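Let me begin by presenting the structure, written as structure tokens, before commenting on it.
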Number of protein chains: 2
Amino acid sequence: MTEEPQVRKRDAAATKAALLDAAAALFAERGFDRTTVRDIAKVAGANQALLFRYFGSKDALFEEVLARGGREQIATTPPGELLGTALRSMLESDKGRDRTLDAYLRSTGHDSAAAAVRRQLGEEYAKVLATLTDADDADLRADLILAWLLGIGLVREITGKEPLASADPDAVCRLVLGAARTLLERSG
Amino acid sequence: MTEEPQVRKRDAAATKAALLDAAAALFAERGFDRTTVRDIAKVAGANQALLFRYFGSKDALFEEVLARGGREQIATTPPGELLGTALRSMLESDKGRDRTLDAYLRSTGHDSAAAAVRRQLGEEYAKVLATLTDADDADLRADLILAWLLGIGLVREITGKEPLASADPDAVCRLVLGAARTLLERSG
DNA sequence: GCGGTTTGTAAGCAACTGCTTACAACGCTA
DNA sequence: TAGCGTTGTAAGCAGTTGCTTACAAACCGC
């Protein structure tokens, strides 16, 4: 057997990334309050003191997790498809999908600086969604669409309520997009 | 001055009710994890040991809070008006309104037995909402309406995103009920 | 090789958590 | 009034939390 470097040694960037990944996974799974820095460090295979050296605090780490994951989708999706894409990526519970939304939804009890990130993230989504209608209350309608997206995520991932939790993504998309079109098209 | 009994003395029922009220308020304000039994006892003006004597555990107390508040609205509203009423009661941020939904939304990171209460509460709402349509996927459509309600509450109360957070209740109702009608009326 | 910086580690601190226990005060019944 | 279950209180226990500190080991320029 060739000797493989099982343990990452003296690579600050890799350690930081590992901590970020571990934190994202755990925050998504348990929420902010029920995730401990010791758990994050253990999953990342790093010492917990490094978490504070690289991120400053658990709070700051949470902010970075939220900011990193949230902006990804907005940046890589054309406006017209954002609603469908966001909805679909939320519905496809397959492995490997981005779980930032879960972290968001499971940490609603947590105020502090992360609340600002949450709000800003919402702003960015809503801003894009608002371009889809020419009604004079476009921003409000966009907020309602965003609220629907979040609510669907809440019921599916957190509450786990059936039949929505394991409903066919296509069926859900058809229903939601149909109603959303009504909301966006009728001028105010 | 006549002597008033400022301190409640030896009244188990009153003490228990005070604890329940205090818990409901604090859970709604901070969520489950960030509310301590010491705080609840302090707000209720009671000793924290009594909390455990009367409710058994913090978890069980949370369950009672959720169950008590949630069923109230369902029981007192006719099915056809549930959507509008629930929406309106959520939008009217005035004083004294029931804040059980906030407790629900701020405690999404908390699993355990309360998750069952959350789910069951959702079942009851969805069951009523499902009677509003005759589509063969009525349950799914009802779940989507429920999700929208929760999402709107989330964006308004937790995220505080504008313009939805301080939007006119009538305007929101008009938009949501219009789109919801589309969702419920079109048979599948 | 050598000094200094960067990276990783172990141990611990102080505060807080849910919960328990031992006990005092009260009020009803006999 | 004596006895006794109920209600309220003070103190503490054991475990966990975020975060800090003191130190060892690896790396880099010289």
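Chain lettering (A, B, ...) mirrors the order of the structure tokens, residue numbering begins at 1 for each chain separately, and ligand numbering begins at 1 in order of display.
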Return chain A as a PDB file with C-alpha atoms, in the first residue's frame, after superposing it on chain B by a least-squares fit that covers all C-alpha atoms paired in order.
```pdb
ATOM      1  CA  MET A   1     -54.914  51.887  50.425  1.00  0.00           C
ATOM      2  CA  THR A   2     -56.571  48.566  50.581  1.00  0.00           C
ATOM      3  CA  GLU A   3     -54.265  45.679  50.815  1.00  0.00           C
ATOM      4  CA  GLU A   4     -54.156  43.834  47.468  1.00  0.00           C
ATOM      5  CA  PRO A   5     -52.762  40.362  47.179  1.00  0.00           C
ATOM      6  CA  GLN A   6     -49.814  41.260  44.990  1.00  0.00           C
ATOM      7  CA  VAL A   7     -48.307  37.858  45.335  1.00  0.00           C
ATOM      8  CA  ARG A   8     -50.311  34.826  44.311  1.00  0.00           C
ATOM      9  CA  LYS A   9     -50.319  32.437  47.206  1.00  0.00           C
ATOM     10  CA  ARG A  10     -50.965  28.745  47.130  1.00  0.00           C
ATOM     11  CA  ASP A  11     -53.001  28.604  43.927  1.00  0.00           C
ATOM     12  CA  ALA A  12     -51.658  25.791  41.811  1.00  0.00           C
ATOM     13  CA  ALA A  13     -54.019  26.390  38.890  1.00  0.00           C
ATOM     14  CA  ALA A  14     -53.145  30.073  38.654  1.00  0.00           C
ATOM     15  CA  THR A  15     -49.427  29.357  38.939  1.00  0.00           C
ATOM     16  CA  LYS A  16     -49.620  26.759  36.225  1.00  0.00           C
ATOM     17  CA  ALA A  17     -51.519  29.147  33.965  1.00  0.00           C
ATOM     18  CA  ALA A  18     -49.009  31.917  34.633  1.00  0.00           C
ATOM     19  CA  LEU A  19     -46.172  29.596  33.685  1.00  0.00           C
ATOM     20  CA  LEU A  20     -47.976  28.591  30.515  1.00  0.00           C
ATOM     21  CA  ASP A  21     -48.583  32.203  29.531  1.00  0.00           C
ATOM     22  CA  ALA A  22     -45.026  33.231  30.265  1.00  0.00           C
ATOM     23  CA  ALA A  23     -43.700  30.295  28.320  1.00  0.00           C
ATOM     24  CA  ALA A  24     -45.915  31.065  25.337  1.00  0.00           C
ATOM     25  CA  ALA A  25     -44.718  34.666  25.258  1.00  0.00           C
ATOM     26  CA  LEU A  26     -41.044  33.809  25.604  1.00  0.00           C
ATOM     27  CA  PHE A  27     -41.070  30.903  23.158  1.00  0.00           C
ATOM     28  CA  ALA A  28     -42.753  33.166  20.615  1.00  0.00           C
ATOM     29  CA  GLU A  29     -40.199  35.892  21.183  1.00  0.00           C
ATOM     30  CA  ARG A  30     -36.993  33.876  21.297  1.00  0.00           C
ATOM     31  CA  GLY A  31     -37.767  30.352  20.210  1.00  0.00           C
ATOM     32  CA  PHE A  32     -37.331  27.185  22.249  1.00  0.00           C
ATOM     33  CA  ASP A  33     -33.586  26.969  22.544  1.00  0.00           C
ATOM     34  CA  ARG A  34     -32.994  30.549  23.552  1.00  0.00           C
ATOM     35  CA  THR A  35     -35.643  30.524  26.232  1.00  0.00           C
ATOM     36  CA  THR A  36     -34.514  29.276  29.645  1.00  0.00           C
ATOM     37  CA  VAL A  37     -36.686  27.788  32.342  1.00  0.00           C
ATOM     38  CA  ARG A  38     -35.305  30.419  34.691  1.00  0.00           C
ATOM     39  CA  ASP A  39     -36.623  33.192  32.455  1.00  0.00           C
ATOM     40  CA  ILE A  40     -40.026  31.566  32.177  1.00  0.00           C
ATOM     41  CA  ALA A  41     -40.279  31.230  35.934  1.00  0.00           C
ATOM     42  CA  LYS A  42     -39.168  34.814  36.464  1.00  0.00           C
ATOM     43  CA  VAL A  43     -41.721  36.233  34.019  1.00  0.00           C
ATOM     44  CA  ALA A  44     -44.435  34.075  35.557  1.00  0.00           C
ATOM     45  CA  GLY A  45     -43.399  35.175  39.015  1.00  0.00           C
ATOM     46  CA  ALA A  46     -43.018  31.604  40.100  1.00  0.00           C
ATOM     47  CA  ASN A  47     -40.268  29.326  41.272  1.00  0.00           C
ATOM     48  CA  GLN A  48     -38.666  27.323  38.511  1.00  0.00           C
ATOM     49  CA  ALA A  49     -38.987  24.097  40.465  1.00  0.00           C
ATOM     50  CA  LEU A  50     -42.737  24.411  40.051  1.00  0.00           C
ATOM     51  CA  LEU A  51     -42.341  24.389  36.305  1.00  0.00           C
ATOM     52  CA  PHE A  52     -40.949  20.898  36.526  1.00  0.00           C
ATOM     53  CA  ARG A  53     -43.527  19.806  39.062  1.00  0.00           C
ATOM     54  CA  TYR A  54     -46.421  20.904  36.866  1.00  0.00           C
ATOM     55  CA  PHE A  55     -45.094  20.156  33.399  1.00  0.00           C
ATOM     56  CA  GLY A  56     -42.351  17.602  33.864  1.00  0.00           C
ATOM     57  CA  SER A  57     -39.831  19.126  31.508  1.00  0.00           C
ATOM     58  CA  LYS A  58     -39.168  22.117  29.321  1.00  0.00           C
ATOM     59  CA  ASP A  59     -40.013  19.960  26.338  1.00  0.00           C
ATOM     60  CA  ALA A  60     -43.420  18.980  27.662  1.00  0.00           C
ATOM     61  CA  LEU A  61     -44.163  22.602  28.476  1.00  0.00           C
ATOM     62  CA  PHE A  62     -43.364  23.565  24.906  1.00  0.00           C
ATOM     63  CA  GLU A  63     -45.726  20.924  23.636  1.00  0.00           C
ATOM     64  CA  GLU A  64     -48.544  22.233  25.799  1.00  0.00           C
ATOM     65  CA  VAL A  65     -47.950  25.778  24.607  1.00  0.00           C
ATOM     66  CA  LEU A  66     -48.059  24.721  20.976  1.00  0.00           C
ATOM     67  CA  ALA A  67     -51.083  22.506  21.372  1.00  0.00           C
ATOM     68  CA  ARG A  68     -53.085  25.034  23.346  1.00  0.00           C
ATOM     69  CA  GLY A  69     -52.602  27.952  20.988  1.00  0.00           C
ATOM     70  CA  GLY A  70     -52.830  26.101  17.718  1.00  0.00           C
ATOM     71  CA  ARG A  71     -56.132  24.414  18.181  1.00  0.00           C
ATOM     72  CA  GLU A  72     -57.911  27.546  19.287  1.00  0.00           C
ATOM     73  CA  GLN A  73     -58.245  29.085  15.854  1.00  0.00           C
ATOM     74  CA  ILE A  74     -59.272  25.907  14.093  1.00  0.00           C
ATOM     75  CA  ALA A  75     -62.022  25.294  16.600  1.00  0.00           C
ATOM     76  CA  THR A  76     -63.521  28.754  16.348  1.00  0.00           C
ATOM     77  CA  THR A  77     -63.458  29.351  12.587  1.00  0.00           C
ATOM     78  CA  PRO A  78     -65.781  27.956   9.878  1.00  0.00           C
ATOM     79  CA  PRO A  79     -63.819  26.147   7.144  1.00  0.00           C
ATOM     80  CA  GLY A  80     -64.615  28.568   4.343  1.00  0.00           C
ATOM     81  CA  GLU A  81     -63.180  31.450   6.307  1.00  0.00           C
ATOM     82  CA  LEU A  82     -60.176  29.670   7.757  1.00  0.00           C
ATOM     83  CA  LEU A  83     -57.775  30.780   5.067  1.00  0.00           C
ATOM     84  CA  GLY A  84     -58.800  34.420   5.219  1.00  0.00           C
ATOM     85  CA  THR A  85     -59.008  34.434   8.992  1.00  0.00           C
ATOM     86  CA  ALA A  86     -55.676  32.726   9.540  1.00  0.00           C
ATOM     87  CA  LEU A  87     -54.044  35.024   7.030  1.00  0.00           C
ATOM     88  CA  ARG A  88     -55.547  38.091   8.590  1.00  0.00           C
ATOM     89  CA  SER A  89     -54.709  37.125  12.151  1.00  0.00           C
ATOM     90  CA  MET A  90     -51.175  36.598  10.981  1.00  0.00           C
ATOM     91  CA  LEU A  91     -51.028  39.971   9.284  1.00  0.00           C
ATOM     92  CA  GLU A  92     -52.489  41.997  12.083  1.00  0.00           C
ATOM     93  CA  SER A  93     -49.455  42.597  14.222  1.00  0.00           C
ATOM     94  CA  ASP A  94     -51.545  44.273  16.853  1.00  0.00           C
ATOM     95  CA  LYS A  95     -51.164  43.669  20.522  1.00  0.00           C
ATOM     96  CA  GLY A  96     -52.786  40.765  22.192  1.00  0.00           C
ATOM     97  CA  ARG A  97     -52.949  38.555  19.175  1.00  0.00           C
ATOM     98  CA  ASP A  98     -52.065  34.936  19.493  1.00  0.00           C
ATOM     99  CA  ARG A  99     -48.349  34.417  19.026  1.00  0.00           C
ATOM    100  CA  THR A 100     -48.303  30.652  18.918  1.00  0.00           C
ATOM    101  CA  LEU A 101     -47.260  30.708  15.290  1.00  0.00           C
ATOM    102  CA  ASP A 102     -44.168  32.700  16.207  1.00  0.00           C
ATOM    103  CA  ALA A 103     -43.227  30.051  18.737  1.00  0.00           C
ATOM    104  CA  TYR A 104     -43.722  27.471  16.023  1.00  0.00           C
ATOM    105  CA  LEU A 105     -41.634  29.363  13.492  1.00  0.00           C
ATOM    106  CA  ARG A 106     -38.858  30.287  15.877  1.00  0.00           C
ATOM    107  CA  SER A 107     -38.376  26.749  17.108  1.00  0.00           C
ATOM    108  CA  THR A 108     -37.831  24.946  13.847  1.00  0.00           C
ATOM    109  CA  GLY A 109     -34.449  23.718  14.977  1.00  0.00           C
ATOM    110  CA  HIS A 110     -35.996  21.797  17.809  1.00  0.00           C
ATOM    111  CA  ASP A 111     -36.932  18.219  17.085  1.00  0.00           C
ATOM    112  CA  SER A 112     -38.092  15.884  19.853  1.00  0.00           C
ATOM    113  CA  ALA A 113     -41.702  15.424  20.754  1.00  0.00           C
ATOM    114  CA  ALA A 114     -42.684  18.940  19.773  1.00  0.00           C
ATOM    115  CA  ALA A 115     -42.106  18.003  16.164  1.00  0.00           C
ATOM    116  CA  ALA A 116     -45.029  15.631  16.425  1.00  0.00           C
ATOM    117  CA  VAL A 117     -47.227  18.403  17.754  1.00  0.00           C
ATOM    118  CA  ARG A 118     -46.096  20.639  14.915  1.00  0.00           C
ATOM    119  CA  ARG A 119     -46.977  18.018  12.364  1.00  0.00           C
ATOM    120  CA  GLN A 120     -50.320  17.236  13.924  1.00  0.00           C
ATOM    121  CA  LEU A 121     -51.195  20.908  14.042  1.00  0.00           C
ATOM    122  CA  GLY A 122     -50.404  21.134  10.362  1.00  0.00           C
ATOM    123  CA  GLU A 123     -52.591  18.113   9.690  1.00  0.00           C
ATOM    124  CA  GLU A 124     -55.557  19.758  11.321  1.00  0.00           C
ATOM    125  CA  TYR A 125     -55.187  22.962   9.361  1.00  0.00           C
ATOM    126  CA  ALA A 126     -54.614  21.135   6.105  1.00  0.00           C
ATOM    127  CA  LYS A 127     -57.584  18.868   6.661  1.00  0.00           C
ATOM    128  CA  VAL A 128     -59.884  21.855   6.861  1.00  0.00           C
ATOM    129  CA  LEU A 129     -58.236  23.586   3.918  1.00  0.00           C
ATOM    130  CA  ALA A 130     -58.587  20.459   1.821  1.00  0.00           C
ATOM    131  CA  THR A 131     -62.390  20.715   2.035  1.00  0.00           C
ATOM    132  CA  LEU A 132     -62.213  23.881  -0.018  1.00  0.00           C
ATOM    133  CA  THR A 133     -61.414  22.117  -3.265  1.00  0.00           C
ATOM    134  CA  ASP A 134     -62.747  19.070  -5.044  1.00  0.00           C
ATOM    135  CA  ALA A 135     -59.597  18.323  -6.994  1.00  0.00           C
ATOM    136  CA  ASP A 136     -58.307  14.798  -6.625  1.00  0.00           C
ATOM    137  CA  ASP A 137     -55.054  16.120  -5.189  1.00  0.00           C
ATOM    138  CA  ALA A 138     -56.881  18.269  -2.670  1.00  0.00           C
ATOM    139  CA  ASP A 139     -54.525  17.332   0.156  1.00  0.00           C
ATOM    140  CA  LEU A 140     -51.474  18.437  -1.756  1.00  0.00           C
ATOM    141  CA  ARG A 141     -53.083  21.735  -2.680  1.00  0.00           C
ATOM    142  CA  ALA A 142     -54.070  22.258   0.934  1.00  0.00           C
ATOM    143  CA  ASP A 143     -50.472  21.640   1.988  1.00  0.00           C
ATOM    144  CA  LEU A 144     -49.303  24.258  -0.466  1.00  0.00           C
ATOM    145  CA  ILE A 145     -51.747  26.788   0.962  1.00  0.00           C
ATOM    146  CA  LEU A 146     -50.574  25.940   4.460  1.00  0.00           C
ATOM    147  CA  ALA A 147     -46.980  26.324   3.338  1.00  0.00           C
ATOM    148  CA  TRP A 148     -47.804  29.733   1.958  1.00  0.00           C
ATOM    149  CA  LEU A 149     -49.358  30.816   5.240  1.00  0.00           C
ATOM    150  CA  LEU A 150     -46.322  29.668   7.178  1.00  0.00           C
ATOM    151  CA  GLY A 151     -43.949  31.261   4.707  1.00  0.00           C
ATOM    152  CA  ILE A 152     -45.705  34.584   4.957  1.00  0.00           C
ATOM    153  CA  GLY A 153     -45.469  34.388   8.727  1.00  0.00           C
ATOM    154  CA  LEU A 154     -41.802  33.523   8.435  1.00  0.00           C
ATOM    155  CA  VAL A 155     -40.945  36.441   6.186  1.00  0.00           C
ATOM    156  CA  ARG A 156     -43.020  38.913   8.174  1.00  0.00           C
ATOM    157  CA  GLU A 157     -42.254  37.992  11.738  1.00  0.00           C
ATOM    158  CA  ILE A 158     -38.854  36.340  11.640  1.00  0.00           C
ATOM    159  CA  THR A 159     -37.025  37.727   8.664  1.00  0.00           C
ATOM    160  CA  GLY A 160     -38.819  41.062   8.850  1.00  0.00           C
ATOM    161  CA  LYS A 161     -38.352  41.627   5.152  1.00  0.00           C
ATOM    162  CA  GLU A 162     -39.865  44.680   3.520  1.00  0.00           C
ATOM    163  CA  PRO A 163     -42.223  45.456   1.915  1.00  0.00           C
ATOM    164  CA  LEU A 164     -44.093  42.393   3.115  1.00  0.00           C
ATOM    165  CA  ALA A 165     -43.313  42.922   6.781  1.00  0.00           C
ATOM    166  CA  SER A 166     -45.326  46.117   7.028  1.00  0.00           C
ATOM    167  CA  ALA A 167     -47.600  45.722   4.037  1.00  0.00           C
ATOM    168  CA  ASP A 168     -51.276  46.537   4.240  1.00  0.00           C
ATOM    169  CA  PRO A 169     -53.167  43.413   5.349  1.00  0.00           C
ATOM    170  CA  ASP A 170     -55.927  44.100   2.846  1.00  0.00           C
ATOM    171  CA  ALA A 171     -53.531  44.256  -0.070  1.00  0.00           C
ATOM    172  CA  VAL A 172     -51.805  41.047   0.981  1.00  0.00           C
ATOM    173  CA  CYS A 173     -55.118  39.272   1.465  1.00  0.00           C
ATOM    174  CA  ARG A 174     -56.319  40.335  -1.950  1.00  0.00           C
ATOM    175  CA  LEU A 175     -53.216  39.003  -3.661  1.00  0.00           C
ATOM    176  CA  VAL A 176     -52.949  35.771  -1.721  1.00  0.00           C
ATOM    177  CA  LEU A 177     -56.614  34.892  -1.792  1.00  0.00           C
ATOM    178  CA  GLY A 178     -56.724  35.579  -5.520  1.00  0.00           C
ATOM    179  CA  ALA A 179     -53.849  33.258  -6.270  1.00  0.00           C
ATOM    180  CA  ALA A 180     -55.089  30.698  -3.786  1.00  0.00           C
ATOM    181  CA  ARG A 181     -58.433  30.632  -5.525  1.00  0.00           C
ATOM    182  CA  THR A 182     -56.660  29.765  -8.752  1.00  0.00           C
ATOM    183  CA  LEU A 183     -54.893  26.959  -6.957  1.00  0.00           C
ATOM    184  CA  LEU A 184     -58.036  25.587  -5.385  1.00  0.00           C
ATOM    185  CA  GLU A 185     -60.483  26.013  -8.225  1.00  0.00           C
ATOM    186  CA  ARG A 186     -58.680  24.477 -11.134  1.00  0.00           C
ATOM    187  CA  SER A 187     -59.584  20.851 -10.890  1.00  0.00           C
ATOM    188  CA  GLY A 188     -56.708  18.425 -11.278  1.00  0.00           C
TER     189      GLY A 188
END
```
Find the residues in chain C near chain A: any atom within 9 Å counts, using only C-alpha atoms (C1' of nucleotides). Write them as a list in words.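 That gives the following set of residues: DT6, DT7, DG8 and DT9 of chain C.
Nearest residue to chain B, choosing from D:DG3, D:DG29, D:DG18, D:DG8 and counting only C-alpha atoms (C1' of nucleotides): D:DG8.
We find C1' of DC23 (chain D) and C1' of DG3 (chain C) to be spaced 17.5 Å apart.
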Tell me, as a ChimeraX atom specification, which residues lie within 12 Å of region 12-14 of chain C, counting only C-alpha atoms (C1' of nucleotides); anything in the same chain fewer than 5 positions away does not count. /D:17-22
Give me, as number ranges by chain, all polymer residues having an atom no more than 12 Å from DA11 (chain D), counting only C-alpha atoms (C1' of nucleotides) and skipping those fewer than 6 positions away in the same chain. B: 49; C: 20-23
Next, write the just-selected residues to a file, as a PDB file, in the first residue's frame, keeping N, CA and C atoms (P, O5', C5', C4', C3', O3' and C1' of nucleotides) as the atom set.
```
ATOM      1  N   ALA B  49     -38.681  25.484  40.138  1.00  0.00           N
ATOM      2  CA  ALA B  49     -38.932  24.092  40.503  1.00  0.00           C
ATOM      3  C   ALA B  49     -40.388  23.714  40.237  1.00  0.00           C
TER       4      ALA B  49
ATOM      5  P    DT C  20     -35.745  15.760  37.106  1.00  0.00           P
ATOM      6  O5'  DT C  20     -34.963  15.966  38.469  1.00  0.00           O
ATOM      7  C5'  DT C  20     -33.601  15.564  38.559  1.00  0.00           C
ATOM      8  C4'  DT C  20     -33.103  15.754  39.981  1.00  0.00           C
ATOM      9  C3'  DT C  20     -34.066  15.253  41.069  1.00  0.00           C
ATOM     10  O3'  DT C  20     -33.349  14.397  41.943  1.00  0.00           O
ATOM     11  C1'  DT C  20     -33.401  17.504  41.498  1.00  0.00           C
ATOM     12  P    DT C  21     -34.121  13.546  43.031  1.00  0.00           P
ATOM     13  O5'  DT C  21     -33.697  14.273  44.385  1.00  0.00           O
ATOM     14  C5'  DT C  21     -32.389  14.822  44.514  1.00  0.00           C
ATOM     15  C4'  DT C  21     -32.313  15.744  45.704  1.00  0.00           C
ATOM     16  C3'  DT C  21     -33.224  15.353  46.885  1.00  0.00           C
ATOM     17  O3'  DT C  21     -32.484  15.436  48.085  1.00  0.00           O
ATOM     18  C1'  DT C  21     -33.562  17.608  46.314  1.00  0.00           C
ATOM     19  P    DA C  22     -32.879  14.505  49.320  1.00  0.00           P
ATOM     20  O5'  DA C  22     -32.678  15.533  50.517  1.00  0.00           O
ATOM     21  C5'  DA C  22     -31.757  16.614  50.380  1.00  0.00           C
ATOM     22  C4'  DA C  22     -32.271  17.808  51.168  1.00  0.00           C
ATOM     23  C3'  DA C  22     -33.135  17.435  52.379  1.00  0.00           C
ATOM     24  O3'  DA C  22     -32.731  18.218  53.498  1.00  0.00           O
ATOM     25  C1'  DA C  22     -34.302  18.924  50.984  1.00  0.00           C
ATOM     26  P    DC C  23     -33.462  18.055  54.913  1.00  0.00           P
ATOM     27  O5'  DC C  23     -34.380  19.351  54.955  1.00  0.00           O
ATOM     28  C5'  DC C  23     -33.826  20.604  54.566  1.00  0.00           C
ATOM     29  C4'  DC C  23     -34.910  21.640  54.391  1.00  0.00           C
ATOM     30  C3'  DC C  23     -35.953  21.684  55.523  1.00  0.00           C
ATOM     31  O3'  DC C  23     -35.994  22.985  56.051  1.00  0.00           O
ATOM     32  C1'  DC C  23     -36.974  21.799  53.413  1.00  0.00           C
TER      33       DC C  23
END
```
Can you work out which residues from chain D touch chain B at a cut-off of 9 Å (counting only C-alpha atoms (C1' of nucleotides)) and hand them back as an MDAnalysis selection string? chainID D and resid 6:9
For C1' of DA24 (chain C) and C1' of DG15 (chain D), the interatomic separation in Å (one decimal):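 Those two atoms sit 29.4 Å apart.
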Could you pull out all residues of region 1-182 of chain A with a DSSP call of alpha helix (DSSP H) and give them as a PyMOL selection string? chain A and resi 12-30+37-44+48-55+58-75+79-91+100-106+112-130+138-153+169-182
